[in-house]
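Working notes, beginning with the structure itself.
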Amino acid sequence: MTAVADKPNNARNTSGSVMNPTTVERVAGRSDEMLLNLGPQHPATHGVLRVLMGVDGERVTKAIPHIGYLHRNHEKLEEVRTYPMCIPYTDRMDYVSGMQNELPLCLAVEEMLGIEVPERAKYVRTILFELSRIASHMVWIGTYMLDLGAITPFLYAFRDREMILDIIEETAGARLLPNYFTYGGVRRDHHPRMMQDILEFLTWFERKLPEYEALTIDAPVFQARTVGVGVLDPQLALNHGVTGPNLRGSGIGWDLRRDDPYDAYPHLDFEVCVEYGCDAYSRSRARFREFRESIKIIRQAVNQCPKGGAYLPKLPRLKPVAGMERYRAVEISRGHLGVHIVADGSEKPWRVKHRSPSFCTLQALADMAVGSKFSDAIAILGSIDIVLGEIDR
Amino acid sequence: MSIYENKEARLPLERVSVPTDKHYRMRMKHHGLLNANPRKSGLLAAIIGYALLFGAAHGVLILAFQVIPALLTNGLPFPWTGFGLEKNSFWFNVIYGLLAPVLAFLFIAVVALINILMLRKYLAKVQNRYGPLHNGPSGSLQTVYDALKLVSKEDYTPKMVEETIFTLAPVLVFVSAFLLMAVIPFAPGWVFANVEAGAIFIIAAGTLGGYGVLLAGWSMNNKYGLMGGLRAAAQLVSYEVPLSISLLSVCVYAGSMNLSKIVEAQQSLWFAIPLFIPFVIYLIAGLAELKMTPFDLPEAESELVAGFNTEYGGMRFGFFFVAEFAELYLLPALMAVFFLGGWNAPSIPAPTGTFLNTWSGGAPTLELVLKANPMAGDLNADYIVNQEDLTAFSAAEVDGKKLPKWRLDITRDGSVDSKDSEFISREIATNPKPTLWQLLFGPGSLILNSIYALIFLVKGAAGVYFYMWIRATLPRFRDDQLMELCWKGLIPLSLVGLLLAAVSRLIPAVGITISILVGGTFIVMIARGAFFPTSSKQVKA
C-alpha cells in the first residue's frame, strides 16, 4: 500500500485539488501514472460510488473510494419520526434486499419494550429474510458477471429473482421496499399461497443452481479471473470490520444467525459457509454455498411454521423509557447490519445509528486492489458486493 | 384483473419445470406491454431475417458478378447488347473497378445491417428475452431505424480531441474491414479482384484496423479511450501473428495464395480436417481480432465504459459499429474460404477445372497487381496451362469460323495462333451453343452460382453464430491472460501447425493424424483452463 492510500484525504497532487480527476500525479519521479476517475457514473460501480484510481499502465497504484453521492440522511430523518414511521426508511438502505433491513430495528424496539413476538411471525420473518438473501445474492451473480464481462448470467439471475419479487409483492404489496416487518411480527398475515409459491420457487431454483454454477464458479475463465485475486487477509478483514460472506470467504466463520440468533434461527439447522481462500473466488463460493443453506433453512421453516397469528393485534404504546438504549444486529446478505437506538421517553427515538456492512467492506478495497491489475480492481469491487444505498444511508 | 385475482398468474406445481415463458408473458401482459409469444416472434424474425439476408445479399452479388459484367460486355440475353467491351480490357477494368467498391459496400451494408438484427435476436433468445420487437414485423426493421438515427445525429467533435486523427480513425477501421471484401470468392468466378497473393492481401488489410483503433483511442484525449486504444493495439498486433501463420499454413498446403484456388483445392476434403491446428488457431485468433467476448478488453464496458470509442457519437460511432459487424461476418466468411471449403458442399457437384473461362460465367474479375505466385505451378499445373492457352486466344475468327457472340468472353487479347485455333475448334466442337438447361443450370450459370454463393453465405453465417454463442457464454479475460494465451499458447502451436501442414503435404496420413491429435489436445487444454494464470502478481508498493 502506498503512503497516499494510507491517507486518502491527503492525496498529493500538483494542482492542489483531490477532486480534480485530470491531474497527472508525479510520484517518485514517474510521469506515467494516471489518475482515473472511476464513477460516480460508471457501469462497474454499482450505483454512485466514485473511486479515484491511480493506474500505471494496467497496474493499480491507488484506489481511494469517495462516498456520499447517495446520502439521504436516514438516521436524522428517523430521529424526527415516531417509531412505526422509521421502518420504511430502513428499506431504502440496502435496497437490493430491502426486507432484511427492517429486522434489526424491529428486534431492537421489541427488546426495549419487551414485546413478545408470536411464533408464527418469527417463522414468516425468517422465511422472507432468507428469500431476500437469495434474491440479493442473485443480483450479485448478475452484476458480478457483468463486471467480468459476461452478459447472460445477469439476465438469468434477474429472471429468477423476479419470481422472488413476485412472491414478496403478493405478500407485502411492494417488490423492493416492502415495509412488511413491524414491531411484534409482520404487518399483516401473508398471502394464502405464499408458502406453496415459495416451495415451487425453491424446486425451480434448485434445478437452476447447477446452471448458475456452470456459468460462474465452475467456469475456467471465471476461476482464472478470481482465484488469487483481491486477497483479503483475515486479520485485516477483522480490523476493517468486514462481515458477511466477505469475512467468511476469508476463513472466519462469524455469522450472527448462529452466533447471536434471532427469530426462528435457534430452531433451524444450517451451516455457516466458510471458505479459506481469502480471494474473490472464495467470496463467490461462500455466496453460492449460502444459496443451498438458504434453501435448506426455508424448507425447514416452512415445514415447522406453526399456526396462529403473524402479528400482535394490540401493541403496547411505542414509548421506551428515557435513557434506554439498545443495539441489535442481524446477518443480512452483506453481513452485519446493526442499529443502535437511544430513547428519550417520547414516541420518537432520540438517536438512531445504523451500522452497515458494505461501509466497512468498502474500506478494505484499497488494501485488496492496490498492486493488482485494473481489470482485477473491477473484479474485486464486484466481489465484495456493496450497495451504495447502505454505505451512504 | 389484479395480480391477486389472476389465477393464471401463479404457476401450478406440476408445471414448475417450464415456467419462464409463461411467467414472463404473464408479466408483460400485466404491464400491458405486449401479447406476443417469444417463440413465435423469434421464429418469424428468423425466417424474415434469413430471407432478407440471403435474398438481399444474393441480389447484390448477382448484380455485381452477373448483371453489370454482362452489361459492360455484350452478355445480356436481350436485343440490346450492352457496351460491347471485352472482358478485362482496359475500359472494362476502369469502369468495373469504379463500380466494384460501391457494390462491395452495398453488400457489406446489407450483411452488416441484417447481421446486427439477427444477432440481437439470437442473443435475446439465449438470454430469455425478446430482442427487437416493435419496428417492422418481429422487429425486423430495427437496425434500419437504428442506422437512420445514427445518420441523422449531429456530426459532433468534442473540444479536446486531435481532430484530424479523430476523424480519420473510424474511416481507417471501416476501410480495413471493407477491403477484405475485395478478394473473397463467393462462388466460382464471383470475386471482385482475383489477386494471386490474396492471403497476403487479407493479412495486410486486416492489420490496418489496428491503427484505426489505436489512433481513435489516442486522439480522443480521454483516459478510458487511451487505455482502450492501447489494449486494442497490443491485442490486435499480438493476435495478428498466429492468425497470419495459420493462413500461411493453408497457403503452404494448398500451394497457392489465391483464394479461389484455395477453395478449389478443397473440393474433395475441407482443410479444417488436415489443417486442424491452423483451423483452431484461426477460430480463436479470429475472435480476438474481432474484439469480441472473451477478448473484448479494448471496449470492456464494465472497465473502460466504451474503450476506444468512448467519445464517438452519431455516424462516427456508426462507422465503428458497422465495421465491427462487417468484420463479424467477413472473418467467419474467410474461415469458410480457408478451412470450410468455401462454396464446396458434399452433395453439390463441384465446378469443372476451367470454369473461369467457360461460356457464360466468365469471370468479371479484376486482374490486379500481385500476380506473381511462385507456388501456383505445383497443385494446379494442368489448370494453369489451360488458362494460359485460353488467355492467348484471339477474338472473332478462327479458321474462318466466326465465334458466336456468346463465346467472345473467352478471348482477352487480339493475337491468335495455330495452337489457339486448334483449341478453339475443339472447344466449339465439344461445347456447342448451350441449351436452355445449360444456360440456367450449367457450370457458371447464374442459378448454379447462386447455389454456390448460398452455401458460402450459410457457412459464414454459421461461423457468426458460433462466435455469438461464445459471446453469450464466456466472461472476459484479463490482459495478461490474453497475452499469455497468444504468446505461450497460440504462436508456438501455430508454428507447429505450419510444420505439420508441410508434413501433411508430403505424407498426408502422418501429418493429418498428428495435426488432429495436437489440435484436439490443445482444445481440451483450453477448455480446462490452461494458459490462464490463475492470479495476477499482487505487487504491493
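To be explicit about the labels: the chains of the C-alpha cells are called A, B, and onward in the order shown, and within each one the residues are counted from 1, while ligands get numbers from 1 in the order they are shown.
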
With 8 Å as the limit and counting only C-alpha atoms, what residues in chain A lie close to chain B? Please list them as a ChimeraX atom specification. /A:1-2,36,42-44,57,61,145-152,155-156,159,170,197,200-201,203-204,215,220-229,370-376,378

Just-selected residues, N, CA and C atoms written as a CSV table (one decimal), in the first residue's frame:
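To be explicit, this is the file written out as selection-v4.csv:
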```csv
chain,number,residue,atom,x,y,z
A,1,MET,N,0.8,-1.2,0.0
A,1,MET,CA,0.0,0.0,0.0
A,1,MET,C,0.9,1.2,0.0
A,2,THR,N,0.5,2.2,-0.8
A,2,THR,CA,1.3,3.4,-0.9
A,2,THR,C,0.9,4.3,0.3
A,36,LEU,N,-7.3,8.0,-12.6
A,36,LEU,CA,-8.5,7.6,-13.3
A,36,LEU,C,-9.7,7.8,-12.4
A,42,HIS,N,-20.4,5.2,-13.7
A,42,HIS,CA,-19.5,4.2,-14.3
A,42,HIS,C,-20.3,2.9,-14.2
A,43,PRO,N,-20.2,2.1,-15.2
A,43,PRO,CA,-21.0,0.8,-15.2
A,43,PRO,C,-20.6,-0.1,-14.1
A,44,ALA,N,-19.4,0.0,-13.6
A,44,ALA,CA,-19.0,-1.1,-12.7
A,44,ALA,C,-19.1,-0.6,-11.2
A,57,GLY,N,-0.1,2.3,-16.3
A,57,GLY,CA,-0.4,1.3,-17.3
A,57,GLY,C,-1.6,0.6,-16.9
A,61,THR,N,-2.2,1.7,-8.7
A,61,THR,CA,-1.3,2.2,-7.7
A,61,THR,C,-2.0,2.7,-6.5
A,145,MET,N,-21.0,-10.9,-12.8
A,145,MET,CA,-20.7,-11.5,-14.1
A,145,MET,C,-20.6,-10.3,-15.1
A,146,LEU,N,-21.4,-9.3,-15.0
A,146,LEU,CA,-21.3,-8.2,-15.9
A,146,LEU,C,-20.0,-7.5,-15.7
A,147,ASP,N,-19.5,-7.4,-14.5
A,147,ASP,CA,-18.2,-6.8,-14.2
A,147,ASP,C,-17.1,-7.6,-14.9
A,148,LEU,N,-17.3,-8.9,-14.9
A,148,LEU,CA,-16.3,-9.8,-15.5
A,148,LEU,C,-16.5,-9.9,-17.0
A,149,GLY,N,-17.6,-9.3,-17.5
A,149,GLY,CA,-17.7,-9.3,-19.0
A,149,GLY,C,-18.7,-10.3,-19.6
A,150,ALA,N,-19.5,-11.0,-18.7
A,150,ALA,CA,-20.5,-11.9,-19.3
A,150,ALA,C,-21.8,-11.3,-19.1
A,151,ILE,N,-22.6,-11.3,-20.1
A,151,ILE,CA,-23.9,-10.6,-20.0
A,151,ILE,C,-25.0,-11.6,-19.6
A,152,THR,N,-25.0,-12.8,-20.1
A,152,THR,CA,-26.1,-13.8,-20.0
A,152,THR,C,-26.5,-14.1,-18.5
A,155,LEU,N,-29.0,-11.8,-17.0
A,155,LEU,CA,-30.5,-12.0,-17.4
A,155,LEU,C,-31.1,-13.2,-16.7
A,156,TYR,N,-30.3,-14.3,-16.6
A,156,TYR,CA,-30.8,-15.5,-16.0
A,156,TYR,C,-31.1,-15.2,-14.5
A,159,ARG,N,-34.1,-13.0,-14.1
A,159,ARG,CA,-35.3,-13.8,-14.4
A,159,ARG,C,-35.8,-14.5,-13.2
A,170,GLU,N,-46.8,-10.1,-3.7
A,170,GLU,CA,-48.1,-10.6,-3.4
A,170,GLU,C,-48.3,-10.5,-1.9
A,197,ASP,N,-46.0,-21.1,-3.1
A,197,ASP,CA,-45.2,-20.4,-4.1
A,197,ASP,C,-43.8,-20.6,-3.8
A,200,GLU,N,-42.5,-24.0,-4.6
A,200,GLU,CA,-42.4,-24.1,-6.0
A,200,GLU,C,-41.1,-23.4,-6.5
A,201,PHE,N,-40.9,-22.2,-6.0
A,201,PHE,CA,-39.8,-21.5,-6.5
A,201,PHE,C,-38.5,-22.2,-6.1
A,203,THR,N,-38.0,-25.4,-5.7
A,203,THR,CA,-37.8,-26.5,-6.6
A,203,THR,C,-37.2,-26.1,-7.9
A,204,TRP,N,-37.8,-25.0,-8.5
A,204,TRP,CA,-37.2,-24.4,-9.7
A,204,TRP,C,-35.8,-24.0,-9.5
A,215,LEU,N,-22.0,-21.6,-15.2
A,215,LEU,CA,-21.7,-20.4,-15.9
A,215,LEU,C,-20.7,-19.5,-15.0
A,220,PRO,N,-13.8,-22.2,-16.2
A,220,PRO,CA,-12.4,-21.9,-16.1
A,220,PRO,C,-12.0,-20.4,-16.2
A,221,VAL,N,-12.7,-19.7,-17.1
A,221,VAL,CA,-12.4,-18.3,-17.3
A,221,VAL,C,-12.7,-17.5,-16.0
A,222,PHE,N,-13.9,-17.9,-15.4
A,222,PHE,CA,-14.2,-17.2,-14.1
A,222,PHE,C,-13.2,-17.5,-13.1
A,223,GLN,N,-12.7,-18.8,-13.0
A,223,GLN,CA,-11.7,-19.1,-12.0
A,223,GLN,C,-10.4,-18.4,-12.3
A,224,ALA,N,-10.1,-18.3,-13.6
A,224,ALA,CA,-8.9,-17.6,-13.9
A,224,ALA,C,-8.9,-16.1,-13.5
A,225,ARG,N,-10.1,-15.6,-13.6
A,225,ARG,CA,-10.3,-14.1,-13.2
A,225,ARG,C,-10.4,-13.9,-11.7
A,226,THR,N,-10.7,-14.9,-10.9
A,226,THR,CA,-11.0,-14.7,-9.5
A,226,THR,C,-10.0,-15.4,-8.5
A,227,VAL,N,-9.5,-16.5,-8.9
A,227,VAL,CA,-8.7,-17.2,-7.9
A,227,VAL,C,-7.4,-16.4,-7.7
A,228,GLY,N,-7.1,-16.1,-6.4
A,228,GLY,CA,-5.9,-15.4,-6.1
A,228,GLY,C,-6.1,-13.9,-6.3
A,229,VAL,N,-7.2,-13.4,-6.7
A,229,VAL,CA,-7.4,-12.0,-7.0
A,229,VAL,C,-8.1,-11.4,-5.7
A,370,VAL,N,-4.9,-2.3,-4.6
A,370,VAL,CA,-3.6,-1.7,-4.9
A,370,VAL,C,-2.6,-2.8,-5.3
A,371,GLY,N,-1.9,-2.6,-6.4
A,371,GLY,CA,-0.9,-3.6,-6.8
A,371,GLY,C,-1.5,-4.6,-7.8
A,372,SER,N,-2.8,-4.6,-7.9
A,372,SER,CA,-3.4,-5.6,-8.9
A,372,SER,C,-3.6,-4.9,-10.2
A,373,LYS,N,-4.0,-5.7,-11.2
A,373,LYS,CA,-4.4,-5.1,-12.5
A,373,LYS,C,-5.6,-4.3,-12.4
A,374,PHE,N,-5.8,-3.4,-13.4
A,374,PHE,CA,-7.0,-2.6,-13.4
A,374,PHE,C,-8.3,-3.4,-13.6
A,375,SER,N,-8.2,-4.4,-14.4
A,375,SER,CA,-9.3,-5.3,-14.6
A,375,SER,C,-9.6,-6.1,-13.3
A,376,ASP,N,-8.6,-6.4,-12.5
A,376,ASP,CA,-8.8,-7.1,-11.3
A,376,ASP,C,-9.4,-6.2,-10.3
A,378,ILE,N,-11.7,-4.0,-10.8
A,378,ILE,CA,-13.1,-4.1,-11.1
A,378,ILE,C,-13.7,-5.4,-10.6
```

| request: Find the spatial neighbours of stretch 204-218 of chain B, counting only C-alpha atoms, within a cut-off of 7 Å - ignore same-chain residues fewer than 4 positions away - and output them as a ChimeraX atom specification. | output: /B:165-166,169-170,172-173,176-177,179-180,200,225-226,228-230,232-233,236,308-309

Would you output that residue set with N, CA and C atoms, as a PDB file, in the first residue's frame?
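The resulting file, result.pdb, is reproduced below:
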```
ATOM      1  N   ILE B 165      -7.028  13.231 -36.676  1.00  0.00           N
ATOM      2  CA  ILE B 165      -6.907  11.801 -36.419  1.00  0.00           C
ATOM      3  C   ILE B 165      -8.221  11.252 -35.903  1.00  0.00           C
ATOM      4  N   PHE B 166      -8.898  12.061 -35.106  1.00  0.00           N
ATOM      5  CA  PHE B 166     -10.197  11.640 -34.574  1.00  0.00           C
ATOM      6  C   PHE B 166     -11.168  11.332 -35.707  1.00  0.00           C
ATOM      7  N   ALA B 169      -9.727   8.087 -37.856  1.00  0.00           N
ATOM      8  CA  ALA B 169      -9.652   6.754 -37.242  1.00  0.00           C
ATOM      9  C   ALA B 169     -10.819   5.841 -37.627  1.00  0.00           C
ATOM     10  N   PRO B 170     -12.081   6.313 -37.511  1.00  0.00           N
ATOM     11  CA  PRO B 170     -13.167   5.397 -37.895  1.00  0.00           C
ATOM     12  C   PRO B 170     -13.112   5.012 -39.358  1.00  0.00           C
ATOM     13  N   LEU B 172     -10.381   4.580 -41.089  1.00  0.00           N
ATOM     14  CA  LEU B 172      -9.368   3.520 -41.202  1.00  0.00           C
ATOM     15  C   LEU B 172      -9.955   2.169 -40.807  1.00  0.00           C
ATOM     16  N   VAL B 173     -10.649   2.167 -39.685  1.00  0.00           N
ATOM     17  CA  VAL B 173     -11.233   0.916 -39.204  1.00  0.00           C
ATOM     18  C   VAL B 173     -12.209   0.362 -40.220  1.00  0.00           C
ATOM     19  N   SER B 176     -10.507  -0.906 -43.394  1.00  0.00           N
ATOM     20  CA  SER B 176      -9.829  -2.175 -43.150  1.00  0.00           C
ATOM     21  C   SER B 176     -10.783  -3.348 -43.279  1.00  0.00           C
ATOM     22  N   ALA B 177     -11.954  -3.181 -42.688  1.00  0.00           N
ATOM     23  CA  ALA B 177     -12.934  -4.273 -42.773  1.00  0.00           C
ATOM     24  C   ALA B 177     -13.439  -4.425 -44.204  1.00  0.00           C
ATOM     25  N   LEU B 179     -11.981  -3.619 -47.061  1.00  0.00           N
ATOM     26  CA  LEU B 179     -11.022  -4.100 -48.053  1.00  0.00           C
ATOM     27  C   LEU B 179     -11.046  -5.621 -48.181  1.00  0.00           C
ATOM     28  N   LEU B 180     -11.356  -6.292 -47.065  1.00  0.00           N
ATOM     29  CA  LEU B 180     -11.364  -7.756 -47.096  1.00  0.00           C
ATOM     30  C   LEU B 180     -12.336  -8.274 -48.146  1.00  0.00           C
ATOM     31  N   ILE B 200      -1.970 -12.758 -48.509  1.00  0.00           N
ATOM     32  CA  ILE B 200      -1.141 -11.640 -48.037  1.00  0.00           C
ATOM     33  C   ILE B 200      -1.980 -10.374 -47.982  1.00  0.00           C
ATOM     34  N   GLY B 225     -10.466   6.006 -23.195  1.00  0.00           N
ATOM     35  CA  GLY B 225     -10.181   5.796 -24.605  1.00  0.00           C
ATOM     36  C   GLY B 225      -8.725   5.413 -24.823  1.00  0.00           C
ATOM     37  N   LEU B 226      -7.843   6.109 -24.106  1.00  0.00           N
ATOM     38  CA  LEU B 226      -6.416   5.808 -24.252  1.00  0.00           C
ATOM     39  C   LEU B 226      -6.129   4.369 -23.842  1.00  0.00           C
ATOM     40  N   GLY B 228      -8.199   1.917 -23.725  1.00  0.00           N
ATOM     41  CA  GLY B 228      -8.819   1.015 -24.698  1.00  0.00           C
ATOM     42  C   GLY B 228      -7.991   0.920 -25.960  1.00  0.00           C
ATOM     43  N   GLY B 229      -7.493   2.068 -26.435  1.00  0.00           N
ATOM     44  CA  GLY B 229      -6.687   2.060 -27.650  1.00  0.00           C
ATOM     45  C   GLY B 229      -5.410   1.252 -27.474  1.00  0.00           C
ATOM     46  N   LEU B 230      -4.765   1.446 -26.311  1.00  0.00           N
ATOM     47  CA  LEU B 230      -3.525   0.711 -26.074  1.00  0.00           C
ATOM     48  C   LEU B 230      -3.789  -0.786 -25.966  1.00  0.00           C
ATOM     49  N   ALA B 232      -6.205  -2.346 -27.346  1.00  0.00           N
ATOM     50  CA  ALA B 232      -6.552  -2.843 -28.682  1.00  0.00           C
ATOM     51  C   ALA B 232      -5.293  -3.042 -29.509  1.00  0.00           C
ATOM     52  N   ALA B 233      -4.374  -2.080 -29.430  1.00  0.00           N
ATOM     53  CA  ALA B 233      -3.154  -2.199 -30.230  1.00  0.00           C
ATOM     54  C   ALA B 233      -2.389  -3.452 -29.827  1.00  0.00           C
ATOM     55  N   LEU B 236      -4.457  -6.605 -30.972  1.00  0.00           N
ATOM     56  CA  LEU B 236      -4.556  -6.863 -32.407  1.00  0.00           C
ATOM     57  C   LEU B 236      -3.203  -7.241 -32.982  1.00  0.00           C
ATOM     58  N   PHE B 308     -12.159   2.431 -26.728  1.00  0.00           N
ATOM     59  CA  PHE B 308     -11.625   3.334 -27.746  1.00  0.00           C
ATOM     60  C   PHE B 308     -12.687   4.146 -28.451  1.00  0.00           C
ATOM     61  N   ASN B 309     -13.970   3.809 -28.324  1.00  0.00           N
ATOM     62  CA  ASN B 309     -14.962   4.670 -28.979  1.00  0.00           C
ATOM     63  C   ASN B 309     -15.816   5.453 -27.980  1.00  0.00           C
TER      64      ASN B 309
END
```

Min atom-atom distance to B:Ala333 from the set B:Ala182, B:Leu495, B:Val171, B:Phe456, counting only C-alpha atoms, belongs to B:Phe456

Residue contacts of A:Tyr276 (9 Å, only C-alpha atoms) excluding same-chain residues fewer than 4 positions away, as a list in words: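 Near neighbours after the sequence-gap exclusion: Arg248, Gly249, Ser250, Gly251, Ile252 and Ser282 of chain A.
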
Could those residues be written to a file, using C-alpha atoms, as a compact mmCIF listing (two decimals), in the first residue's frame?
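Result went into again09.txt, see below:
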```txt
# COMPACT_ATOMS: atom_id res chain seq x y z
CA ARG A 248 -16.48 -15.93 5.68
CA GLY A 249 -14.62 -16.02 2.37
CA SER A 250 -11.53 -15.04 4.32
CA GLY A 251 -11.83 -18.08 6.55
CA ILE A 252 -13.57 -16.62 9.60
CA SER A 282 -13.69 -17.81 -2.08
```

Worksheet item: So which residues touch A:Val51 within 6 Å, counting only C-alpha atoms, skipping near sequence neighbours fewer than 6 positions away, as a ChimeraX atom specification?
Response: /A:38,64-66

Using the selection just defined, write its residues with N, CA and C atoms as a CSV table (one decimal), in the first residue's frame.
```csv
chain,number,residue,atom,x,y,z
A,38,LEU,N,-13.0,6.9,-11.6
A,38,LEU,CA,-14.0,5.8,-11.8
A,38,LEU,C,-15.3,6.1,-11.1
A,64,ILE,N,-8.9,5.1,-4.1
A,64,ILE,CA,-9.5,5.9,-3.0
A,64,ILE,C,-11.0,6.0,-3.2
A,65,PRO,N,-11.8,5.3,-2.4
A,65,PRO,CA,-13.3,5.5,-2.6
A,65,PRO,C,-13.7,6.8,-2.1
A,66,HIS,N,-14.6,7.5,-2.9
A,66,HIS,CA,-15.2,8.7,-2.4
A,66,HIS,C,-16.7,8.4,-2.3
```
